[in-house]
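Below: structure_37.cif (mmCIF, N, CA and C atoms)
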data_input
#
loop_
_atom_site.label_atom_id
_atom_site.label_comp_id
_atom_site.auth_asym_id
_atom_site.auth_seq_id
_atom_site.Cartn_x
_atom_site.Cartn_y
_atom_site.Cartn_z
N MET T 12 126.90 245.33 144.67
CA MET T 12 125.53 244.86 144.60
C MET T 12 125.41 243.63 145.49
N SER T 13 124.35 243.57 146.24
CA SER T 13 124.15 242.43 147.13
C SER T 13 123.71 241.20 146.33
N GLU T 14 123.86 240.06 146.95
CA GLU T 14 123.45 238.79 146.32
C GLU T 14 121.95 238.80 146.03
N ALA T 15 121.16 239.38 146.93
CA ALA T 15 119.71 239.43 146.74
C ALA T 15 119.34 240.29 145.53
N ILE T 16 120.02 241.41 145.35
CA ILE T 16 119.75 242.28 144.21
C ILE T 16 120.17 241.59 142.91
N ALA T 17 121.32 240.92 142.93
CA ALA T 17 121.78 240.20 141.74
C ALA T 17 120.78 239.11 141.35
N ARG T 18 120.25 238.38 142.33
CA ARG T 18 119.25 237.34 142.04
C ARG T 18 117.98 237.96 141.44
N GLU T 19 117.58 239.11 141.98
CA GLU T 19 116.38 239.79 141.46
C GLU T 19 116.59 240.25 140.02
N LEU T 20 117.78 240.80 139.71
CA LEU T 20 118.08 241.22 138.34
C LEU T 20 118.05 240.03 137.39
N MET T 21 118.63 238.91 137.81
CA MET T 21 118.64 237.70 136.99
C MET T 21 117.21 237.22 136.76
N ALA T 22 116.39 237.23 137.81
CA ALA T 22 115.00 236.78 137.69
C ALA T 22 114.21 237.68 136.75
N GLN T 23 114.44 238.99 136.82
CA GLN T 23 113.73 239.92 135.94
C GLN T 23 114.14 239.72 134.48
N ARG T 24 115.43 239.53 134.26
CA ARG T 24 115.94 239.43 132.89
C ARG T 24 115.53 238.12 132.23
N PHE T 25 115.50 237.04 132.98
CA PHE T 25 115.27 235.71 132.40
C PHE T 25 114.00 235.04 132.92
N ARG T 26 113.08 235.81 133.47
CA ARG T 26 111.80 235.27 133.96
C ARG T 26 112.00 234.10 134.90
N SER T 27 113.00 234.19 135.75
CA SER T 27 113.34 233.20 136.78
C SER T 27 113.93 231.91 136.23
N TYR T 28 114.19 231.84 134.92
CA TYR T 28 114.87 230.68 134.35
C TYR T 28 116.38 230.86 134.48
N LEU T 29 117.09 229.76 134.67
CA LEU T 29 118.54 229.79 134.73
C LEU T 29 119.10 229.84 133.31
N PRO T 30 119.85 230.89 132.95
CA PRO T 30 120.40 230.96 131.59
C PRO T 30 121.55 229.95 131.42
N VAL T 31 121.49 229.20 130.34
CA VAL T 31 122.50 228.19 130.04
C VAL T 31 122.86 228.30 128.56
N VAL T 32 124.15 228.30 128.27
CA VAL T 32 124.62 228.27 126.89
C VAL T 32 124.97 226.82 126.57
N VAL T 33 124.43 226.30 125.46
CA VAL T 33 124.67 224.91 125.08
C VAL T 33 125.39 224.88 123.74
N ASP T 34 126.44 224.05 123.66
CA ASP T 34 127.20 223.87 122.42
C ASP T 34 127.16 222.40 122.05
N LEU T 35 126.80 222.11 120.82
CA LEU T 35 126.70 220.74 120.34
C LEU T 35 127.63 220.59 119.15
N GLU T 36 128.61 219.69 119.25
CA GLU T 36 129.53 219.42 118.16
C GLU T 36 129.09 218.14 117.46
N THR T 37 128.95 218.22 116.14
CA THR T 37 128.52 217.06 115.37
C THR T 37 129.51 216.78 114.25
N GLY T 38 129.38 215.61 113.66
CA GLY T 38 130.21 215.24 112.52
C GLY T 38 129.65 215.75 111.21
N GLY T 39 128.54 216.47 111.24
CA GLY T 39 127.90 217.00 110.04
C GLY T 39 126.46 217.37 110.33
N PHE T 40 125.69 217.57 109.26
CA PHE T 40 124.31 218.01 109.41
C PHE T 40 123.27 216.92 109.15
N ASN T 41 123.71 215.73 108.78
CA ASN T 41 122.79 214.64 108.47
C ASN T 41 122.60 213.76 109.71
N ALA T 42 121.42 213.80 110.30
CA ALA T 42 121.16 213.03 111.52
C ALA T 42 121.24 211.52 111.29
N GLN T 43 121.07 211.07 110.05
CA GLN T 43 121.11 209.64 109.75
C GLN T 43 122.52 209.08 109.71
N GLY T 44 123.53 209.93 109.44
CA GLY T 44 124.88 209.40 109.29
C GLY T 44 125.97 210.14 110.04
N ASP T 45 125.65 211.33 110.56
CA ASP T 45 126.65 212.14 111.25
C ASP T 45 126.37 212.12 112.75
N ALA T 46 127.37 211.74 113.52
CA ALA T 46 127.19 211.56 114.96
C ALA T 46 127.36 212.86 115.74
N VAL T 47 126.75 212.90 116.92
CA VAL T 47 127.05 213.93 117.91
C VAL T 47 128.38 213.53 118.53
N LEU T 48 129.34 214.44 118.57
CA LEU T 48 130.68 214.14 119.06
C LEU T 48 130.95 214.67 120.46
N GLU T 49 130.36 215.82 120.76
CA GLU T 49 130.58 216.44 122.07
C GLU T 49 129.42 217.37 122.40
N ILE T 50 129.10 217.46 123.67
CA ILE T 50 128.10 218.42 124.13
C ILE T 50 128.67 219.16 125.33
N ALA T 51 128.45 220.46 125.38
CA ALA T 51 128.93 221.27 126.49
C ALA T 51 127.83 222.24 126.91
N ALA T 52 127.81 222.58 128.18
CA ALA T 52 126.86 223.55 128.71
C ALA T 52 127.58 224.45 129.71
N VAL T 53 127.27 225.74 129.66
CA VAL T 53 127.85 226.71 130.59
C VAL T 53 126.71 227.48 131.24
N THR T 54 126.65 227.43 132.57
CA THR T 54 125.68 228.27 133.27
C THR T 54 126.25 229.67 133.39
N LEU T 55 125.37 230.65 133.49
CA LEU T 55 125.80 232.04 133.54
C LEU T 55 125.43 232.67 134.88
N THR T 56 126.21 233.66 135.27
CA THR T 56 125.94 234.45 136.45
C THR T 56 125.98 235.92 136.05
N MET T 57 125.52 236.78 136.92
CA MET T 57 125.47 238.21 136.61
C MET T 57 126.37 238.97 137.59
N ASP T 58 127.20 239.87 137.05
CA ASP T 58 128.06 240.68 137.92
C ASP T 58 127.28 241.91 138.41
N PRO T 59 127.87 242.71 139.29
CA PRO T 59 127.16 243.87 139.85
C PRO T 59 126.69 244.89 138.81
N GLU T 60 127.35 244.93 137.65
CA GLU T 60 126.94 245.86 136.59
C GLU T 60 125.86 245.29 135.68
N GLY T 61 125.45 244.04 135.93
CA GLY T 61 124.42 243.42 135.11
C GLY T 61 124.96 242.66 133.91
N ASN T 62 126.28 242.48 133.82
CA ASN T 62 126.88 241.72 132.72
C ASN T 62 126.80 240.23 133.03
N LEU T 63 126.56 239.44 132.00
CA LEU T 63 126.53 237.99 132.17
C LEU T 63 127.94 237.43 132.04
N LEU T 64 128.28 236.51 132.95
CA LEU T 64 129.61 235.90 132.98
C LEU T 64 129.47 234.39 133.08
N PRO T 65 130.44 233.63 132.51
CA PRO T 65 130.40 232.18 132.65
C PRO T 65 130.52 231.78 134.12
N ASP T 66 129.81 230.75 134.50
CA ASP T 66 129.87 230.25 135.88
C ASP T 66 130.44 228.84 135.87
N ALA T 67 129.61 227.84 135.76
CA ALA T 67 130.08 226.45 135.74
C ALA T 67 130.05 225.92 134.30
N THR T 68 131.05 225.11 133.96
CA THR T 68 131.14 224.52 132.62
C THR T 68 131.09 223.00 132.73
N TYR T 69 130.30 222.40 131.86
CA TYR T 69 130.18 220.94 131.79
C TYR T 69 130.41 220.53 130.34
N ALA T 70 131.31 219.59 130.11
CA ALA T 70 131.60 219.14 128.74
C ALA T 70 131.75 217.62 128.74
N TYR T 71 131.18 217.00 127.71
CA TYR T 71 131.20 215.54 127.61
C TYR T 71 131.47 215.12 126.18
N HIS T 72 132.39 214.17 126.02
CA HIS T 72 132.64 213.56 124.72
C HIS T 72 131.63 212.42 124.56
N ILE T 73 131.13 212.27 123.35
CA ILE T 73 130.12 211.25 123.06
C ILE T 73 130.73 210.18 122.16
N VAL T 74 130.49 208.93 122.48
CA VAL T 74 130.94 207.84 121.62
C VAL T 74 129.98 207.77 120.43
N PRO T 75 130.49 207.97 119.20
CA PRO T 75 129.62 207.97 118.02
C PRO T 75 128.97 206.60 117.80
N PHE T 76 127.81 206.61 117.18
CA PHE T 76 127.13 205.35 116.90
C PHE T 76 127.87 204.60 115.78
N GLU T 77 127.75 203.30 115.79
CA GLU T 77 128.45 202.46 114.80
C GLU T 77 127.97 202.80 113.40
N GLY T 78 128.92 202.99 112.50
CA GLY T 78 128.61 203.31 111.11
C GLY T 78 128.52 204.79 110.83
N SER T 79 128.67 205.61 111.85
CA SER T 79 128.58 207.06 111.63
C SER T 79 129.87 207.60 111.02
N LYS T 80 129.73 208.75 110.35
CA LYS T 80 130.91 209.47 109.89
C LYS T 80 131.35 210.34 111.05
N ARG T 81 132.62 210.31 111.37
CA ARG T 81 133.11 211.08 112.51
C ARG T 81 133.77 212.29 111.98
#
Could I get this structure in the form of structure tokens?
Amino acid sequence: MSEAIARELMAQRFRSYLPVVVDLETGGFNAQGDAVLEIAAVTLTMDPEGNLLPDATYAYHIVPFEGSKR
């Protein structure tokens, strides 16, 4: 499959938006006391068969706020 066809398939499937998977690691479910510990994002690409595959990965550790439960 050509690059142009792959781009067209991606545009049709996602209405021209770039698909991104986001993962958020927290110390719990209480926003008042549980900190965000890590955030990661993975952009996706499409292979010639139309399968989505991981492309670029970005991951960051977050310094918890003072007094938070880690």
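Reported to one decimal place, the separation of atom C of Val53 (chain T) from atom N of Val74 (chain T) is 20.9 Å.
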Spatial neighbours of Thr68 (chain T), 8 Å, all atoms listed in the file, chain gap at least 3 places, as a PyMOL selection string
chain T and resi 51-55+65+71
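For the residues T:Glu36, T:Asp66, T:Asp45, T:Asp58, ranking by smallest atom-to-atom distance to Met21 (chain T) using only C-alpha atoms places T:Asp58 first.
In this structure, CA of Val31 (chain T) sits 17.4 Å away from CA of Glu19 (chain T).
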Sphere at (128.3, 239.8, 135.7), radius 12 Å, counting only C-alpha atoms: residues as a PDB file with N, CA and C atoms, in the frame of the given file:
ATOM      1  N   MET T  12     126.900 245.330 144.670  1.00  0.00           N
ATOM      2  CA  MET T  12     125.530 244.860 144.600  1.00  0.00           C
ATOM      3  C   MET T  12     125.410 243.630 145.490  1.00  0.00           C
ATOM      4  N   GLU T  14     123.860 240.060 146.950  1.00  0.00           N
ATOM      5  CA  GLU T  14     123.450 238.790 146.320  1.00  0.00           C
ATOM      6  C   GLU T  14     121.950 238.800 146.030  1.00  0.00           C
ATOM      7  N   ALA T  17     121.320 240.920 142.930  1.00  0.00           N
ATOM      8  CA  ALA T  17     121.780 240.200 141.740  1.00  0.00           C
ATOM      9  C   ALA T  17     120.780 239.110 141.350  1.00  0.00           C
ATOM     10  N   ARG T  18     120.250 238.380 142.330  1.00  0.00           N
ATOM     11  CA  ARG T  18     119.250 237.340 142.040  1.00  0.00           C
ATOM     12  C   ARG T  18     117.980 237.960 141.440  1.00  0.00           C
ATOM     13  N   LEU T  20     117.780 240.800 139.710  1.00  0.00           N
ATOM     14  CA  LEU T  20     118.080 241.220 138.340  1.00  0.00           C
ATOM     15  C   LEU T  20     118.050 240.030 137.390  1.00  0.00           C
ATOM     16  N   MET T  21     118.630 238.910 137.810  1.00  0.00           N
ATOM     17  CA  MET T  21     118.640 237.700 136.990  1.00  0.00           C
ATOM     18  C   MET T  21     117.210 237.220 136.760  1.00  0.00           C
ATOM     19  N   LEU T  55     125.370 230.650 133.490  1.00  0.00           N
ATOM     20  CA  LEU T  55     125.800 232.040 133.540  1.00  0.00           C
ATOM     21  C   LEU T  55     125.430 232.670 134.880  1.00  0.00           C
ATOM     22  N   THR T  56     126.210 233.660 135.270  1.00  0.00           N
ATOM     23  CA  THR T  56     125.940 234.450 136.450  1.00  0.00           C
ATOM     24  C   THR T  56     125.980 235.920 136.050  1.00  0.00           C
ATOM     25  N   MET T  57     125.520 236.780 136.920  1.00  0.00           N
ATOM     26  CA  MET T  57     125.470 238.210 136.610  1.00  0.00           C
ATOM     27  C   MET T  57     126.370 238.970 137.590  1.00  0.00           C
ATOM     28  N   ASP T  58     127.200 239.870 137.050  1.00  0.00           N
ATOM     29  CA  ASP T  58     128.060 240.680 137.920  1.00  0.00           C
ATOM     30  C   ASP T  58     127.280 241.910 138.410  1.00  0.00           C
ATOM     31  N   PRO T  59     127.870 242.710 139.290  1.00  0.00           N
ATOM     32  CA  PRO T  59     127.160 243.870 139.850  1.00  0.00           C
ATOM     33  C   PRO T  59     126.690 244.890 138.810  1.00  0.00           C
ATOM     34  N   GLU T  60     127.350 244.930 137.650  1.00  0.00           N
ATOM     35  CA  GLU T  60     126.940 245.860 136.590  1.00  0.00           C
ATOM     36  C   GLU T  60     125.860 245.290 135.680  1.00  0.00           C
ATOM     37  N   GLY T  61     125.450 244.040 135.930  1.00  0.00           N
ATOM     38  CA  GLY T  61     124.420 243.420 135.110  1.00  0.00           C
ATOM     39  C   GLY T  61     124.960 242.660 133.910  1.00  0.00           C
ATOM     40  N   ASN T  62     126.280 242.480 133.820  1.00  0.00           N
ATOM     41  CA  ASN T  62     126.880 241.720 132.720  1.00  0.00           C
ATOM     42  C   ASN T  62     126.800 240.230 133.030  1.00  0.00           C
ATOM     43  N   LEU T  63     126.560 239.440 132.000  1.00  0.00           N
ATOM     44  CA  LEU T  63     126.530 237.990 132.170  1.00  0.00           C
ATOM     45  C   LEU T  63     127.940 237.430 132.040  1.00  0.00           C
ATOM     46  N   LEU T  64     128.280 236.510 132.950  1.00  0.00           N
ATOM     47  CA  LEU T  64     129.610 235.900 132.980  1.00  0.00           C
ATOM     48  C   LEU T  64     129.470 234.390 133.080  1.00  0.00           C
ATOM     49  N   PRO T  65     130.440 233.630 132.510  1.00  0.00           N
ATOM     50  CA  PRO T  65     130.400 232.180 132.650  1.00  0.00           C
ATOM     51  C   PRO T  65     130.520 231.780 134.120  1.00  0.00           C
ATOM     52  N   ASP T  66     129.810 230.750 134.500  1.00  0.00           N
ATOM     53  CA  ASP T  66     129.870 230.250 135.880  1.00  0.00           C
ATOM     54  C   ASP T  66     130.440 228.840 135.870  1.00  0.00           C
TER      55      ASP T  66
END
Looking only at strand (DSSP E) from DSSP on the backbone, list the matching residues of chain T as a list in words.
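Taking chain T and keeping strand (DSSP E) gives Val31, Val32, Val33, Asp34, Leu35, Glu36, Thr37, Val47, Leu48, Glu49, Ile50, Ala51, Ala52, Val53, Thr54, Leu55, Thr56, Met57, Leu63, Leu64, Pro65, Asp66, Ala67, Thr68, Tyr69, Ala70, Tyr71 and His72 of chain T.
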Quick one: pick out all helix (DSSP H, G or I) residues within chain T from a backbone DSSP run and write them as a list in words.
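After running DSSP on the backbone, chain T has helix (DSSP H, G or I) at Glu14, Ala15, Ile16, Ala17, Arg18, Glu19, Leu20, Met21, Ala22, Gln23, Arg24 and Phe25 of chain T.
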Just the number, please: distance in Å from atom C of Val32 (chain T) to atom N of Lys80 (chain T), one decimal.
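Atom C of Val32 (chain T) sits 24.7 Å away from atom N of Lys80 (chain T).
Considering all atoms listed in the file, the residue among T:Phe25, T:Ile50, T:Gly78, T:Ala15 positioned nearest to Thr37 (chain T) is T:Ile50.
When all atoms listed in the file are used to compute distances to Glu49 (chain T), the closest of the residues T:Gln23, T:Ile73, T:Tyr28, T:Ala67 turns out to be T:Ile73.
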Nearest-residue call for His72 (chain T), choices T:Val33, T:Arg24, T:Val47, T:Asn41, using only C-alpha atoms
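For His72 (chain T), the nearest of the candidates is T:Val47.
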